[in-house]
>>> print(open('my_file-v9.pdb').read())   # PDB, C-alpha atoms
MODEL        1
ATOM      1  CA  MET E   1     129.463 -53.832  85.522
ATOM      2  CA  ILE E   2     131.507 -51.220  87.400
ATOM      3  CA  TYR E   3     134.151 -52.617  89.728
ATOM      4  CA  PRO E   4     133.134 -51.621  93.287
ATOM      5  CA  LEU E   5     135.797 -49.182  94.424
ATOM      6  CA  SER E   6     135.273 -46.306  96.837
ATOM      7  CA  ASP E   7     137.126 -43.021  96.367
ATOM      8  CA  PRO E   8     137.131 -39.779  98.328
ATOM      9  CA  THR E   9     135.619 -36.708  96.719
ATOM     10  CA  PRO E  10     138.094 -33.912  95.829
ATOM     11  CA  GLY E  11     137.491 -30.825  97.941
ATOM     12  CA  ASP E  12     138.794 -28.179 100.302
ATOM     13  CA  TYR E  13     139.304 -29.206 103.917
ATOM     14  CA  LYS E  14     137.768 -25.880 105.021
ATOM     15  CA  THR E  15     134.366 -27.107 103.802
ATOM     16  CA  PHE E  16     134.504 -30.294 105.899
ATOM     17  CA  LYS E  17     132.225 -30.134 108.957
ATOM     18  CA  SER E  18     131.386 -33.758 109.802
ATOM     19  CA  TYR E  19     133.089 -34.221 113.178
ATOM     20  CA  PRO E  20     134.447 -36.365 114.652
ATOM     21  CA  ALA E  21     136.609 -37.341 111.717
ATOM     22  CA  ALA E  22     139.767 -39.219 110.794
ATOM     23  CA  ILE E  23     142.520 -37.605 108.769
ATOM     24  CA  GLN E  24     145.208 -39.609 106.975
ATOM     25  CA  PRO E  25     148.121 -38.724 104.735
ATOM     26  CA  ILE E  26     147.567 -39.486 101.064
ATOM     27  CA  SER E  27     148.908 -42.935 100.312
ATOM     28  CA  ARG E  28     150.672 -43.639  97.009
ATOM     29  CA  GLY E  29     151.128 -46.927  95.201
ATOM     30  CA  LEU E  30     149.202 -49.445  93.123
ATOM     31  CA  ARG E  31     145.561 -49.384  94.263
ATOM     32  CA  ILE E  32     144.779 -52.874  95.391
ATOM     33  CA  ASN E  33     141.963 -54.922  96.841
ATOM     34  CA  VAL E  34     142.978 -58.126  98.572
ATOM     35  CA  ILE E  35     139.852 -60.251  98.601
ATOM     36  CA  VAL E  36     139.555 -63.197 100.951
ATOM     37  CA  TYR E  37     136.472 -65.178  99.983
ATOM     38  CA  LYS E  38     135.926 -68.515 101.649
ATOM     39  CA  ASP E  39     139.385 -70.127 101.423
ATOM     40  CA  LYS E  40     140.639 -68.230  98.375
ATOM     41  CA  VAL E  41     142.687 -65.021  98.135
ATOM     42  CA  THR E  42     142.629 -62.814  95.043
ATOM     43  CA  TYR E  43     144.454 -59.583  94.310
ATOM     44  CA  LYS E  44     142.700 -57.018  92.108
ATOM     45  CA  ASP E  45     143.720 -53.626  90.766
ATOM     46  CA  LYS E  46     141.416 -50.598  90.694
ATOM     47  CA  LEU E  47     139.753 -51.822  87.501
ATOM     48  CA  GLY E  48     139.053 -55.275  88.935
ATOM     49  CA  ASN E  49     141.813 -57.006  86.966
ATOM     50  CA  ASP E  50     143.458 -59.967  88.676
ATOM     51  CA  ILE E  51     147.089 -59.620  89.730
ATOM     52  CA  ASN E  52     148.933 -62.914  89.750
ATOM     53  CA  GLY E  53     152.215 -63.858  91.352
ATOM     54  CA  TRP E  54     151.549 -62.625  94.879
ATOM     55  CA  GLU E  55     150.280 -65.967  96.159
ATOM     56  CA  VAL E  56     153.225 -66.047  98.567
ATOM     57  CA  TYR E  57     151.060 -63.808 100.809
ATOM     58  CA  ASP E  58     147.819 -65.817 100.656
ATOM     59  CA  GLU E  59     148.283 -67.450 104.053
ATOM     60  CA  GLN E  60     148.944 -64.108 105.753
ATOM     61  CA  PHE E  61     145.719 -62.655 104.372
ATOM     62  CA  LYS E  62     143.720 -65.726 105.378
ATOM     63  CA  ASN E  63     145.107 -65.265 108.904
ATOM     64  CA  LEU E  64     144.312 -61.562 108.816
ATOM     65  CA  ALA E  65     140.717 -62.139 107.668
ATOM     66  CA  GLN E  66     140.084 -64.449 110.652
ATOM     67  CA  SER E  67     137.917 -66.894 108.631
ATOM     68  CA  THR E  68     135.633 -64.149 107.308
ATOM     69  CA  SER E  69     134.960 -63.125 103.719
ATOM     70  CA  THR E  70     136.697 -59.774 103.652
ATOM     71  CA  VAL E  71     138.075 -57.137 101.271
ATOM     72  CA  PHE E  72     141.164 -55.157 102.280
ATOM     73  CA  ASP E  73     141.501 -51.815 100.467
ATOM     74  CA  GLY E  74     144.781 -49.962 100.050
ATOM     75  CA  HIS E  75     147.965 -49.748  98.008
ATOM     76  CA  ALA E  76     150.713 -52.176  97.068
ATOM     77  CA  VAL E  77     154.244 -50.768  97.171
ATOM     78  CA  VAL E  78     157.788 -52.045  96.832
ATOM     79  CA  ALA E  79     159.714 -52.038 100.090
ATOM     80  CA  SER E  80     163.230 -52.658 101.281
ATOM     81  CA  GLY E  81     163.189 -53.471 104.960
ATOM     82  CA  THR E  82     160.783 -50.987 106.521
ATOM     83  CA  SER E  83     161.207 -48.317 103.826
ATOM     84  CA  ILE E  84     158.970 -47.853 100.805
ATOM     85  CA  VAL E  85     161.223 -47.552  97.761
ATOM     86  CA  GLU E  86     158.734 -47.592  94.883
ATOM     87  CA  THR E  87     155.107 -46.604  94.333
ATOM     88  CA  ASP E  88     154.948 -46.421  90.514
ATOM     89  CA  ASN E  89     152.238 -48.840  89.346
ATOM     90  CA  ASN E  90     154.267 -50.508  86.588
ATOM     91  CA  LYS E  91     157.327 -50.926  88.779
ATOM     92  CA  VAL E  92     155.224 -52.415  91.559
ATOM     93  CA  LEU E  93     153.788 -54.964  89.118
ATOM     94  CA  GLU E  94     157.278 -55.811  87.812
ATOM     95  CA  ALA E  95     158.880 -56.152  91.261
ATOM     96  CA  ASP E  96     159.890 -59.389  92.913
ATOM     97  CA  PRO E  97     156.780 -60.513  94.858
ATOM     98  CA  GLU E  98     158.955 -60.985  97.952
ATOM     99  CA  ASN E  99     159.439 -57.177  98.037
ATOM    100  CA  ILE E 100     155.767 -56.246  97.768
ATOM    101  CA  ARG E 101     154.127 -54.729 100.844
ATOM    102  CA  PHE E 102     150.575 -53.566 101.379
ATOM    103  CA  VAL E 103     149.316 -50.397 103.064
ATOM    104  CA  PHE E 104     145.628 -50.627 103.974
ATOM    105  CA  TRP E 105     143.192 -47.936 105.044
ATOM    106  CA  ASP E 106     139.929 -49.864 104.961
ATOM    107  CA  VAL E 107     138.338 -53.274 105.359
ATOM    108  CA  ILE E 108     134.905 -54.117 103.971
ATOM    109  CA  ARG E 109     132.715 -57.147 104.368
ATOM    110  CA  TYR E 110     132.706 -59.101 101.109
ATOM    111  CA  ASP E 111     128.928 -59.180 100.683
ATOM    112  CA  GLY E 112     128.669 -55.379 101.009
ATOM    113  CA  PHE E 113     131.610 -54.883  98.625
ATOM    114  CA  ILE E 114     130.011 -57.024  95.913
ATOM    115  CA  LYS E 115     126.712 -55.200  96.399
ATOM    116  CA  GLY E 116     128.468 -51.823  95.971
ATOM    117  CA  GLU E 117     127.504 -50.424  99.369
ATOM    118  CA  ASP E 118     127.628 -51.439 102.994
ATOM    119  CA  THR E 119     125.571 -49.308 105.365
ATOM    120  CA  ARG E 120     126.066 -51.511 108.418
ATOM    121  CA  ILE E 121     129.069 -49.761 109.977
ATOM    122  CA  GLY E 122     130.902 -46.453 109.703
ATOM    123  CA  TYR E 123     134.559 -45.812 108.981
ATOM    124  CA  ASN E 124     135.444 -45.672 112.665
ATOM    125  CA  TRP E 125     134.372 -49.304 113.136
ATOM    126  CA  ARG E 126     136.016 -50.442 109.898
ATOM    127  CA  HIS E 127     139.388 -48.839 110.732
ATOM    128  CA  ASN E 128     139.265 -50.105 114.324
ATOM    129  CA  GLY E 129     138.309 -53.537 112.997
ATOM    130  CA  LEU E 130     141.334 -53.513 110.696
ATOM    131  CA  GLU E 131     143.611 -52.662 113.628
ATOM    132  CA  HIS E 132     142.023 -55.429 115.694
ATOM    133  CA  MET E 133     142.460 -57.960 112.877
ATOM    134  CA  CYS E 134     146.176 -57.086 112.742
ATOM    135  CA  ILE E 135     146.509 -57.657 116.483
ATOM    136  CA  LEU E 136     144.723 -61.012 116.291
ATOM    137  CA  ALA E 137     146.873 -62.161 113.354
ATOM    138  CA  ALA E 138     150.179 -61.086 114.928
ATOM    139  CA  ASP E 139     150.941 -64.530 116.393
ATOM    140  CA  LYS E 140     150.553 -66.210 113.004
ATOM    141  CA  ASN E 141     152.005 -63.449 110.804
ATOM    142  CA  LYS E 142     155.336 -62.848 112.524
ATOM    143  CA  VAL E 143     156.641 -60.606 109.707
ATOM    144  CA  PRO E 144     153.485 -59.126 108.194
ATOM    145  CA  CYS E 145     153.464 -58.044 104.559
ATOM    146  CA  TYR E 146     150.961 -55.314 105.422
ATOM    147  CA  ASP E 147     150.550 -52.222 107.551
ATOM    148  CA  ILE E 148     147.692 -49.861 108.327
ATOM    149  CA  LEU E 149     147.587 -46.249 107.252
ATOM    150  CA  LYS E 150     147.409 -44.460 110.588
ATOM    151  CA  ALA E 151     144.703 -41.904 111.275
ATOM    152  CA  ASP E 152     144.550 -38.774 113.421
ATOM    153  CA  LEU E 153     141.200 -38.170 115.072
ATOM    154  CA  VAL E 154     139.933 -34.606 114.898
ATOM    155  CA  GLY E 155     136.889 -32.979 116.427
ATOM    156  CA  SER E 156     137.131 -29.338 115.403
ATOM    157  CA  ASP E 157     138.185 -27.012 112.606
ATOM    158  CA  GLU E 158     141.331 -26.119 114.571
ATOM    159  CA  GLN E 159     142.400 -29.758 115.019
ATOM    160  CA  LEU E 160     141.685 -30.458 111.359
ATOM    161  CA  GLU E 161     143.802 -27.508 110.212
ATOM    162  CA  SER E 162     146.661 -28.627 112.455
ATOM    163  CA  SER E 163     146.595 -32.139 110.946
ATOM    164  CA  VAL E 164     146.358 -30.776 107.381
ATOM    165  CA  ASN E 165     149.489 -28.719 108.075
ATOM    166  CA  LYS E 166     151.213 -31.790 109.524
ATOM    167  CA  TYR E 167     150.558 -33.712 106.304
ATOM    168  CA  LYS E 168     151.668 -30.759 104.182
ATOM    169  CA  SER E 169     148.194 -30.255 102.736
ATOM    170  CA  LYS E 170     148.014 -33.737 101.183
ATOM    171  CA  CYS E 171     145.448 -35.716 103.097
ATOM    172  CA  VAL E 172     142.153 -37.570 103.135
ATOM    173  CA  ILE E 173     139.519 -36.523 105.651
ATOM    174  CA  LYS E 174     136.881 -39.114 106.544
ATOM    175  CA  SER E 175     133.704 -38.839 108.561
ATOM    176  CA  LEU E 176     133.840 -41.516 111.243
ATOM    177  CA  GLU E 177     130.163 -42.216 110.593
ATOM    178  CA  GLY E 178     130.640 -42.575 106.818
ATOM    179  CA  THR E 179     129.545 -45.945 105.493
ATOM    180  CA  TRP E 180     131.224 -47.635 102.530
ATOM    181  CA  VAL E 181     129.924 -46.830  99.034
ATOM    182  CA  CYS E 182     131.134 -47.590  95.525
ATOM    183  CA  GLY E 183     132.266 -44.523  93.557
ATOM    184  CA  ASN E 184     132.885 -41.024  94.917
ATOM    185  CA  ASP E 185     132.220 -41.109  98.633
ATOM    186  CA  PRO E 186     130.720 -37.821  99.865
ATOM    187  CA  SER E 187     131.714 -38.641 103.468
ATOM    188  CA  GLN E 188     135.408 -38.400 102.495
ATOM    189  CA  ILE E 189     137.376 -35.461 101.071
ATOM    190  CA  ILE E 190     140.751 -35.751  99.392
ATOM    191  CA  TYR E 191     142.663 -32.496  99.737
ATOM    192  CA  GLU E 192     145.824 -31.582  97.857
ATOM    193  CA  SER E 193     146.648 -27.885  97.795
TER
ENDMDL
END
>>> encode(input="my_file-v9.pdb", output="structure tokens")
Amino acid sequence: MIYPLSDPTPGDYKTFKSYPAAIQPISRGLRINVIVYKDKVTYKDKLGNDINGWEVYDEQFKNLAQSTSTVFDGHAVVASGTSIVETDNNKVLEADPENIRFVFWDVIRYDGFIKGEDTRIGYNWRHNGLEHMCILAADKNKVPCYDILKADLVGSDEQLESSVNKYKSKCVIKSLEGTWVCGNDPSQIIYES
């Protein structure tokens, strides 16, 4: 069985025409899924292997999930204060769990994730939902171990080119209508010149 992970398709931003869209800088770190299922939290790498030792964050992710079965998709990094100091996979795994932070760009309903596709909502709703979850959990998670990868909204070729230049040609462009699929996602382009 293939572990259900969604990845953008490599491409040139000049071929992207699915507006409106979100554009984000490329995130670096250990690819991670934080899975909250019922009352249990598991941490999995991009191959679906369990990562142990990060249980110190379980309560924060239960608060963030708001009693729903949810999968948070992003990267784990090593941080000092508010600065990311390490993104190398092996060094992240070897770091003191107290220094691990999570950068998320997506949230998926657990049942759709396990099925390998979720056609119920587009990226716009998923990203907005992630932001809303963070707001709702703020009272309980006073010093959150996570952050959201911010997104610029673009509606034209000119706006897209401006954002690509802002991110120094290293970005992911996502159709706001794109639903979540396992494997290469044709509604997302990863661009590195």
>>> resolve_selection(input="my_file-v9.pdb", expression="the PyMOL selection byres ((chain E and resi 30-42) around 9)", output="PyMOL selection string")
chain E and resi 5+28-29+43-46+48+50-52+54-55+57-59+61-62+65+67-77+87-90+92-93+102+104+110
>>> write_last_selection(input="my_file-v9.pdb", atoms="C-alpha atoms", output="compact mmCIF listing (two decimals), in the frame of the given file")
# COMPACT_ATOMS: atom_id res chain seq x y z
CA LEU E 5 135.80 -49.18 94.42
CA ARG E 28 150.67 -43.64 97.01
CA GLY E 29 151.13 -46.93 95.20
CA TYR E 43 144.45 -59.58 94.31
CA LYS E 44 142.70 -57.02 92.11
CA ASP E 45 143.72 -53.63 90.77
CA LYS E 46 141.42 -50.60 90.69
CA GLY E 48 139.05 -55.28 88.94
CA ASP E 50 143.46 -59.97 88.68
CA ILE E 51 147.09 -59.62 89.73
CA ASN E 52 148.93 -62.91 89.75
CA TRP E 54 151.55 -62.62 94.88
CA GLU E 55 150.28 -65.97 96.16
CA TYR E 57 151.06 -63.81 100.81
CA ASP E 58 147.82 -65.82 100.66
CA GLU E 59 148.28 -67.45 104.05
CA PHE E 61 145.72 -62.66 104.37
CA LYS E 62 143.72 -65.73 105.38
CA ALA E 65 140.72 -62.14 107.67
CA SER E 67 137.92 -66.89 108.63
CA THR E 68 135.63 -64.15 107.31
CA SER E 69 134.96 -63.12 103.72
CA THR E 70 136.70 -59.77 103.65
CA VAL E 71 138.07 -57.14 101.27
CA PHE E 72 141.16 -55.16 102.28
CA ASP E 73 141.50 -51.82 100.47
CA GLY E 74 144.78 -49.96 100.05
CA HIS E 75 147.96 -49.75 98.01
CA ALA E 76 150.71 -52.18 97.07
CA VAL E 77 154.24 -50.77 97.17
CA THR E 87 155.11 -46.60 94.33
CA ASP E 88 154.95 -46.42 90.51
CA ASN E 89 152.24 -48.84 89.35
CA ASN E 90 154.27 -50.51 86.59
CA VAL E 92 155.22 -52.42 91.56
CA LEU E 93 153.79 -54.96 89.12
CA PHE E 102 150.57 -53.57 101.38
CA PHE E 104 145.63 -50.63 103.97
CA TYR E 110 132.71 -59.10 101.11
>>> residues_around(input="my_file-v9.pdb", residues="stretch 141-153 of chain E", least_positions_apart="3", cutoff="8 Å", atoms="only C-alpha atoms", output="list in words")
Pro20, Ala21, Ala22, Ile23, Gln24, Pro25, Ser27, Tyr57, Gln60, Asn63, Ile100, Arg101, Phe102, Val103, Phe104, Trp105, Leu130, Glu131, Ala137, Ala138 and Ser163 of chain E
>>> residues_around(input="my_file-v9.pdb", residues="E:Arg120", least_positions_apart="5", cutoff="12 Å", atoms="only C-alpha atoms", output="list in words")
Ile108, Arg109, Asp111, Gly112, Phe113, Trp125, Arg126, Glu177, Gly178, Thr179, Trp180 and Val181 of chain E
>>> atom_distance(input="my_file-v9.pdb", atom1="atom CA of E:Pro186", atom2="atom CA of E:Cys134")
27.9 Å
>>> residues_near_point(input="my_file-v9.pdb", point="(150.4, -31.4, 107.8)", cutoff="12 Å", atoms="all atoms listed in the file", output="ChimeraX atom specification")
/E:13,23-26,152,159-172,191-193
>>> atom_distance(input="my_file-v9.pdb", atom1="atom CA of E:Val107", atom2="atom CA of E:Ser175")
15.5 Å
>>> atom_distance(input="my_file-v9.pdb", atom1="atom CA of E:Asp12", atom2="atom CA of E:Gly183")
18.8 Å
>>> resolve_selection(input="my_file-v9.pdb", expression="the PyMOL selection byres ((chain E and resi 185) around 7)", output="PyMOL selection string")
chain E and resi 6-9+181+183-184+186-188
